[in-house]
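**Q** Can you keep this structure in mind? I'll have questions shortly.
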Amino acid sequence: MKIASLSHHASALLRPPPASVRPLFSRAPKRWQRWSPYVVAGGSVAALLPITITVLSTEYRVGGGWAGALGVAQTVPLVLAVARPLQAWLIVLCADVLGAVVMAQAEPAGHAWPWTPTVIIGYLLVMACLGLRETTRTLVTVWLVTCAAGLAVAVFPPDGTSSTDVLLLVLAGVVLAFTGAVRRREEAVRLLAEQETISEAERAQRTLLEERARIARELHDVVAHHMSVITVQADSAPYRLTGLDDAVRGEFASIASSARESLSEMRRLLAVLRSDGSGEDGAERAPQPGVDRIQQLVEATVRAGLPARLSLAADLPALAPAVDLSAYRIVQEALANVVRHAPGATTRVSVTCDERHLTVVVVNARAAERTSPLEASGTGHGLVGMRERVRLTGGSLDTGPLPDGGFRVAARLPLDTPDSCTEDPS
């Protein structure tokens, strides 16, 4: 029990303080900014404390003990106002009211009453701290309490004094209104920045999920083909192979049944993936392209006005369906990004292979005119789609700007067959 209690107290000490007791400017990026409120408060106390004691004892004829006590109570809480402005305000208000009563019993004739100049300055500093920290409702309450305290003290003013009650009320209201407006503006800016960050993260996550669903739809036809082949082979095996006993025939029948169930489950999954109302079902059900159609893709890009050259390996090995489709989509997305962000830039597309990897490289030169940064905003799936496709095949992707102002996309996809090939520029 003691260990649990100690752990609880330790966690309470290590827990960050709530916003209500967090010092002013505590979230500032630089250290001197975080310490500046304490410097201002300490300087104000150092300046106001001796002046307050001197004014009370010499001009208002307040006794030395009372003058010292009131000076401390009216000025030292300014340091507390940096972290706890509401508590500091209560202390200062009570000290100011007590000081007005004490001065009324002395000789305030010919001087300001009930608030001395030093009292007004210290009170306004506390008001500034309150305005930067508290809610509008609290600020209105503070101002109304200040009005009530001033009216209560000023009911029976001493003879020959000049009233400063209205002056303090007006100045306090102005300071509270100004600092409260500053605080609300800073909060609005902070909330807007947080919302933009959240929106950007949500947009990136949505883009990622959409691209994964798109890849899943494209790979469905590839997987469905293999499952169909398994089903046909399992169904026809008893008729193609003679001399099979009943147990083997039953095993083939079980394999065919499981394959048909898997196909049914895949069709239901695909129906969910395609139920987005985008109207692209027909395009999604079309045969998926591969490396053999990159030549047509580059030619279409050239007809669209983008100077592009293709270097395609002459004798590519048989590629896995996922690698074949991913290579085509990477080139397609890279060329789309060039058209979108660097129109008119000279572009080179290279598709080569070695014994273990297929390498796809798309490099564009600097755009002829100023354009927007690549993938800086919007809902484009270019780089996101490339990363997902490369991750799907277990390859690697390298993208980034070039020193001359261009951009490079290089994907390295693993091959299933270790065939070699030679490059044939076209």
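Numbering starts fresh at 1 for the residues of each chain in the structure tokens, the chains themselves are lettered A, B, ... in the order given, and ligands are numbered from 1 as they appear.
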What parts of segment 116-342 of chain A does DSSP call helix (DSSP H, G or I)? I'd like the answer as a PyMOL selection string.

**A** chain A and resi 117-131+136-153+165-240+246-273+281-284+291-303+321-341

**Q** Run DSSP on the backbone and tell me which residues of segment 94-281 of chain A come out as strand (DSSP E); list them as an mmCIF file with C-alpha atoms, in the first residue's frame.

**A**
```cif
data_model
loop_
_atom_site.group_PDB
_atom_site.id
_atom_site.type_symbol
_atom_site.label_atom_id
_atom_site.label_comp_id
_atom_site.auth_asym_id
_atom_site.auth_seq_id
_atom_site.Cartn_x
_atom_site.Cartn_y
_atom_site.Cartn_z
ATOM 1 C CA ALA A 112 -5.849 60.853 -4.937
ATOM 2 C CA TRP A 113 -8.259 58.506 -3.195
ATOM 3 C CA SER A 162 -9.677 63.739 -5.751
ATOM 4 C CA SER A 163 -11.558 60.577 -6.680
#
```

**Q** Using only C-alpha atoms, determine which residues lie at most 6 Å from segment 106-109 of chain A, disregarding the query and same-chain residues fewer than 2 positions distant; provide the list as a list in words.

**A** Tyr60, Arg61, Met103, Ala104, His111, Gly160 and Thr161 of chain A

**Q** Limited to C-alpha atoms, could you put the picked residues into a file as an mmCIF file, in the first residue's frame?

**A**
```
data_model
loop_
_atom_site.group_PDB
_atom_site.id
_atom_site.type_symbol
_atom_site.label_atom_id
_atom_site.label_comp_id
_atom_site.auth_asym_id
_atom_site.auth_seq_id
_atom_site.Cartn_x
_atom_site.Cartn_y
_atom_site.Cartn_z
ATOM 1 C CA TYR A 60 -0.697 59.928 3.226
ATOM 2 C CA ARG A 61 0.808 59.912 6.749
ATOM 3 C CA MET A 103 -5.667 56.096 4.181
ATOM 4 C CA ALA A 104 -9.140 57.451 4.940
ATOM 5 C CA HIS A 111 -4.264 63.529 -2.739
ATOM 6 C CA GLY A 160 -10.368 67.432 -0.001
ATOM 7 C CA THR A 161 -9.510 64.297 -1.989
#
```

**Q** Just the residues within 6 Å of Thr231 of chain A, please, counting only C-alpha atoms, with nothing from its chain fewer than 3 positions along; format it as a short mmCIF file (atom, residue, chain, number, x, y, z; two decimals) with N, CA, C and O atoms, in the first residue's frame.

**A**
```
data_model
loop_
_atom_site.label_atom_id
_atom_site.label_comp_id
_atom_site.auth_asym_id
_atom_site.auth_seq_id
_atom_site.Cartn_x
_atom_site.Cartn_y
_atom_site.Cartn_z
N SER A 228 -9.16 -19.76 -60.23
CA SER A 228 -9.97 -20.45 -61.25
C SER A 228 -9.20 -21.62 -61.84
O SER A 228 -9.77 -22.70 -62.09
N ALA A 234 -8.48 -29.13 -60.23
CA ALA A 234 -8.97 -30.06 -59.22
C ALA A 234 -10.22 -30.80 -59.69
O ALA A 234 -10.40 -32.00 -59.42
N ALA A 256 -11.26 -28.52 -54.92
CA ALA A 256 -12.10 -27.73 -55.83
C ALA A 256 -13.17 -26.96 -55.06
O ALA A 256 -13.46 -25.79 -55.37
N ALA A 259 -11.57 -24.01 -53.33
CA ALA A 259 -11.23 -22.96 -54.28
C ALA A 259 -12.46 -22.17 -54.69
O ALA A 259 -12.41 -20.93 -54.82
#
```

**Q** Please provide the set of residues having any atom within 12 Å of Pro50 of chain A, restricted to only C-alpha atoms, with same-chain residues fewer than 3 positions apart removed, written as a short mmCIF file (atom, residue, chain, number, x, y, z; two decimals) with all heavy atoms, in the first residue's frame.

**A**
```cif
data_model
loop_
_atom_site.label_atom_id
_atom_site.label_comp_id
_atom_site.auth_asym_id
_atom_site.auth_seq_id
_atom_site.Cartn_x
_atom_site.Cartn_y
_atom_site.Cartn_z
N GLY A 43 10.65 43.06 -12.05
CA GLY A 43 11.03 44.46 -12.19
C GLY A 43 9.95 45.41 -11.69
O GLY A 43 10.25 46.45 -11.08
N SER A 44 8.68 45.06 -11.95
CA SER A 44 7.58 45.90 -11.47
C SER A 44 7.53 45.92 -9.95
O SER A 44 7.31 46.99 -9.34
CB SER A 44 6.25 45.38 -12.04
OG SER A 44 6.27 45.39 -13.46
N VAL A 45 7.72 44.77 -9.32
CA VAL A 45 7.71 44.73 -7.85
C VAL A 45 8.88 45.55 -7.30
O VAL A 45 8.71 46.32 -6.33
CB VAL A 45 7.79 43.27 -7.36
CG1 VAL A 45 7.99 43.22 -5.85
CG2 VAL A 45 6.52 42.50 -7.74
N ALA A 46 10.06 45.38 -7.92
CA ALA A 46 11.22 46.13 -7.43
C ALA A 46 11.04 47.64 -7.56
O ALA A 46 11.56 48.41 -6.73
CB ALA A 46 12.47 45.68 -8.21
N ALA A 47 10.28 48.06 -8.57
CA ALA A 47 10.07 49.50 -8.76
C ALA A 47 8.92 50.03 -7.91
O ALA A 47 9.00 51.13 -7.34
CB ALA A 47 9.82 49.80 -10.24
N ILE A 53 5.59 52.27 -0.52
CA ILE A 53 5.85 52.50 0.92
C ILE A 53 6.15 53.97 1.18
O ILE A 53 5.65 54.57 2.15
CB ILE A 53 7.00 51.60 1.39
CG1 ILE A 53 6.60 50.12 1.28
CG2 ILE A 53 7.39 51.93 2.82
CD1 ILE A 53 7.73 49.16 1.61
N THR A 54 6.94 54.58 0.30
CA THR A 54 7.29 56.00 0.48
C THR A 54 6.07 56.89 0.36
O THR A 54 5.86 57.82 1.17
CB THR A 54 8.35 56.40 -0.56
OG1 THR A 54 9.50 55.57 -0.42
CG2 THR A 54 8.75 57.85 -0.38
N VAL A 55 5.23 56.64 -0.63
CA VAL A 55 4.03 57.47 -0.83
C VAL A 55 3.09 57.32 0.35
O VAL A 55 2.53 58.32 0.86
CB VAL A 55 3.33 57.07 -2.15
CG1 VAL A 55 1.94 57.70 -2.24
CG2 VAL A 55 4.17 57.49 -3.34
N LEU A 56 2.87 56.10 0.83
CA LEU A 56 1.95 55.90 1.94
C LEU A 56 2.47 56.56 3.22
O LEU A 56 1.68 57.14 4.00
CB LEU A 56 1.73 54.40 2.17
CG LEU A 56 0.93 53.65 1.11
CD1 LEU A 56 0.88 52.16 1.42
CD2 LEU A 56 -0.49 54.20 1.00
N SER A 57 3.74 56.48 3.47
CA SER A 57 4.27 57.00 4.74
C SER A 57 4.50 58.50 4.72
O SER A 57 4.32 59.16 5.76
CB SER A 57 5.58 56.29 5.06
OG SER A 57 6.53 56.52 4.02
N THR A 58 4.85 59.09 3.58
CA THR A 58 5.17 60.52 3.53
C THR A 58 3.98 61.37 3.13
O THR A 58 3.71 62.41 3.73
CB THR A 58 6.34 60.76 2.57
OG1 THR A 58 5.99 60.29 1.26
CG2 THR A 58 7.60 60.05 3.04
N ALA A 67 2.36 50.99 6.28
CA ALA A 67 2.87 51.31 4.94
C ALA A 67 3.66 50.14 4.37
O ALA A 67 3.51 49.77 3.19
CB ALA A 67 3.75 52.56 4.99
N GLY A 68 4.51 49.52 5.19
CA GLY A 68 5.28 48.37 4.70
C GLY A 68 4.40 47.19 4.37
O GLY A 68 4.58 46.53 3.33
N ALA A 69 3.43 46.89 5.26
CA ALA A 69 2.55 45.74 5.03
C ALA A 69 1.69 45.95 3.78
O ALA A 69 1.55 45.04 2.94
CB ALA A 69 1.67 45.51 6.25
N LEU A 70 1.12 47.15 3.64
CA LEU A 70 0.30 47.42 2.46
C LEU A 70 1.13 47.42 1.18
O LEU A 70 0.68 46.94 0.13
CB LEU A 70 -0.42 48.76 2.62
CG LEU A 70 -1.52 48.81 3.68
CD1 LEU A 70 -2.04 50.23 3.84
CD2 LEU A 70 -2.65 47.87 3.31
N GLY A 71 2.34 47.97 1.23
CA GLY A 71 3.19 47.97 0.04
C GLY A 71 3.52 46.56 -0.43
O GLY A 71 3.49 46.27 -1.64
N VAL A 72 3.83 45.68 0.53
CA VAL A 72 4.11 44.30 0.15
C VAL A 72 2.88 43.62 -0.41
O VAL A 72 2.93 42.92 -1.44
CB VAL A 72 4.67 43.54 1.37
CG1 VAL A 72 4.77 42.04 1.07
CG2 VAL A 72 6.03 44.08 1.77
N GLN A 74 0.30 44.88 -1.87
CA GLN A 74 -0.18 45.46 -3.13
C GLN A 74 0.75 45.21 -4.31
O GLN A 74 0.32 45.33 -5.46
CB GLN A 74 -0.39 46.96 -2.96
CG GLN A 74 -1.53 47.32 -2.03
CD GLN A 74 -1.61 48.82 -1.78
OE1 GLN A 74 -0.73 49.57 -2.19
NE2 GLN A 74 -2.66 49.25 -1.08
N THR A 75 2.00 44.83 -4.08
CA THR A 75 2.96 44.71 -5.18
C THR A 75 3.53 43.30 -5.36
O THR A 75 3.66 42.83 -6.49
CB THR A 75 4.13 45.69 -4.96
OG1 THR A 75 4.75 45.41 -3.70
CG2 THR A 75 3.63 47.12 -4.96
N VAL A 76 3.90 42.64 -4.29
CA VAL A 76 4.53 41.31 -4.40
C VAL A 76 3.65 40.29 -5.12
O VAL A 76 4.17 39.45 -5.88
CB VAL A 76 4.95 40.81 -3.01
CG1 VAL A 76 5.45 39.37 -3.08
CG2 VAL A 76 6.04 41.71 -2.43
N THR A 118 0.33 54.31 -7.65
CA THR A 118 1.01 53.01 -7.64
C THR A 118 0.01 51.86 -7.57
O THR A 118 0.23 50.80 -8.17
CB THR A 118 1.96 52.94 -6.44
OG1 THR A 118 1.23 53.21 -5.23
CG2 THR A 118 3.09 53.94 -6.59
#
```

**Q** What separation in Å, quoted to one decimal, exists between atom CA of Gln332 of chain A and atom CA of Ile294 of chain A?

**A** 8.2 Å

**Q** May I ask which of the residues A:Gln105, A:Gln87, A:Ser262, A:Gln296 is the closest one to Phe156 of chain A, counting only C-alpha atoms?

**A**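 That would be A:Gln105, the residue with the smallest distance to Phe156 of chain A.
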
**Q** So which residues touch Gly400 of chain A within 10 Å, counting only C-alpha atoms, skipping near sequence neighbours fewer than 5 positions away, as number ranges by chain?

**A** A: 374, 406-410

**Q** Would you save the residues of that selection, restricted to N, CA, C and O atoms, as a CSV table (one decimal), in the first residue's frame?

**A**
```
chain,number,residue,atom,x,y,z
A,374,LEU,N,5.7,19.3,-55.7
A,374,LEU,CA,5.1,18.0,-55.9
A,374,LEU,C,4.4,17.5,-54.7
A,374,LEU,O,4.9,17.4,-53.6
A,406,GLY,N,15.1,19.3,-61.2
A,406,GLY,CA,14.2,18.2,-61.6
A,406,GLY,C,13.8,17.3,-60.5
A,406,GLY,O,14.0,17.6,-59.3
A,407,PHE,N,13.2,16.1,-60.9
A,407,PHE,CA,12.7,15.2,-59.9
A,407,PHE,C,13.0,13.8,-60.4
A,407,PHE,O,13.0,13.5,-61.6
A,408,ARG,N,13.3,12.9,-59.5
A,408,ARG,CA,13.6,11.5,-59.8
A,408,ARG,C,12.8,10.5,-59.0
A,408,ARG,O,12.6,10.7,-57.8
A,409,VAL,N,12.3,9.5,-59.7
A,409,VAL,CA,11.5,8.4,-59.1
A,409,VAL,C,12.2,7.1,-59.6
A,409,VAL,O,12.3,6.9,-60.8
A,410,ALA,N,12.7,6.4,-58.6
A,410,ALA,CA,13.4,5.1,-58.9
A,410,ALA,C,12.8,4.0,-58.0
A,410,ALA,O,12.8,4.1,-56.8
```

**Q** Skip Val223 of chain A itself and residues of its chain fewer than 5 positions away, then list as a VMD selection string all residues within 10 Å of it, counting only C-alpha atoms.

**A** chain A and resid 218 228 263 266 321 to 322

**Q** Closest to Arg329 of chain A among A:Leu402, A:Arg309, A:Ala411, A:Arg249, using only C-alpha atoms?

**A** A:Ala411

**Q** Given the choices A:Ser350, A:Thr116, A:Thr197, A:Thr179, which gets closest to Leu167 of chain A if the distance is worked out from only C-alpha atoms?

**A**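 Smallest separation from Leu167 of chain A among the options: A:Thr116.
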
**Q** What separation in Å, quoted to one decimal, exists between atom CA of Ile330 of chain A and atom CA of Val390 of chain A?

**A**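 For atom CA of Ile330 of chain A relative to atom CA of Val390 of chain A, the distance reads 8.8 Å.
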
**Q** Nearest to Arg184 of chain A among A:Glu196, A:Glu134, A:Leu169, A:Phe25, with distances taken over only C-alpha atoms: which residue is it?

**A**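 Closest to Arg184 of chain A of all the choices is A:Glu134.
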
**Q** Select, from A:Leu319, A:Cys353, A:Ala367, A:Leu168, the residue with the minimum atom-to-atom distance to Pro307 of chain A, counting only C-alpha atoms.

**A**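 Closest to Pro307 of chain A, using only C-alpha atoms: A:Ala367.
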
**Q** Find the distance between atom CA of Leu90 of chain A and atom CA of Gly180 of chain A and write it in Å to one decimal.

**A**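 Rounded to one decimal, the two atoms are 18.7 Å apart.
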